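*Asks:* Right, I'll just put the structure down here and ask away after.
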Amino acid sequence: MAEQKKTYYIDIGSGEISQSETSSTWSYKIEATDNDIIELRELFEQNYSTDWQNFFRAHVPYVQYHFDRENDAYDRTMTKVYEMIHKLGNEEAKRHIESMGILTEENPPT
């Protein structure tokens with residue numbers, strides 16, 4: 001038996017996932033199962049942790065951005081977030097993410 005999908009509103013900047021369209025600002029509307037939301041929350045939590053690592057690393061002046069594993073990890077996780085939103089999102093969300101050019105040959109639209 002397939003899980004029932006519900007409507008969620010996602011704010012990428014804050015990592016907020018809400019079922020209320022009016023409770024806060026949101027960027028993307030998706031239809032997702034409870035398991036999809038658990039996976040998306042885990043990605044946001046992973047980036048929150050990585051963001052703190054980046055904060056502390058930023059105080060080490062000799063490490064350049066392009067040699068920074070934490071920034072690379074953050075970028076990879078953000079790509080996964082956008083892939084997931086593209087997969088679950090409405091047509092407006094899909095078009096916007098495609099226009100960003102974030103989904104490449106290695107990360108094609110699903």
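Here, A, B, ... name the chains of the structure tokens in the order displayed, residue numbers run from 1 inside each chain, and ligands are numbered from 1 in the same displayed order.
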Which residues are close to range 15-21 of chain A, i.e. within 10 Å by only C-alpha atoms, leaving aside same-chain residues fewer than 5 positions away? Reply as a list in words.
*Replies:*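 The filter keeps Lys6, Thr7, Tyr8, Tyr9, Ile10, Trp26, Tyr28, Lys29, Ile30, Ile37, Leu40, Arg41, Leu43, Phe44, Glu45, Asn47, Tyr48 and Val81 of chain A.
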*Asks:* Just how far from CA of Tyr74 in chain A is CA of Asn90 in chain A, in Å to one decimal?
*Replies:*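 CA of Asn90 in chain A sits 24.9 Å away from CA of Tyr74 in chain A.
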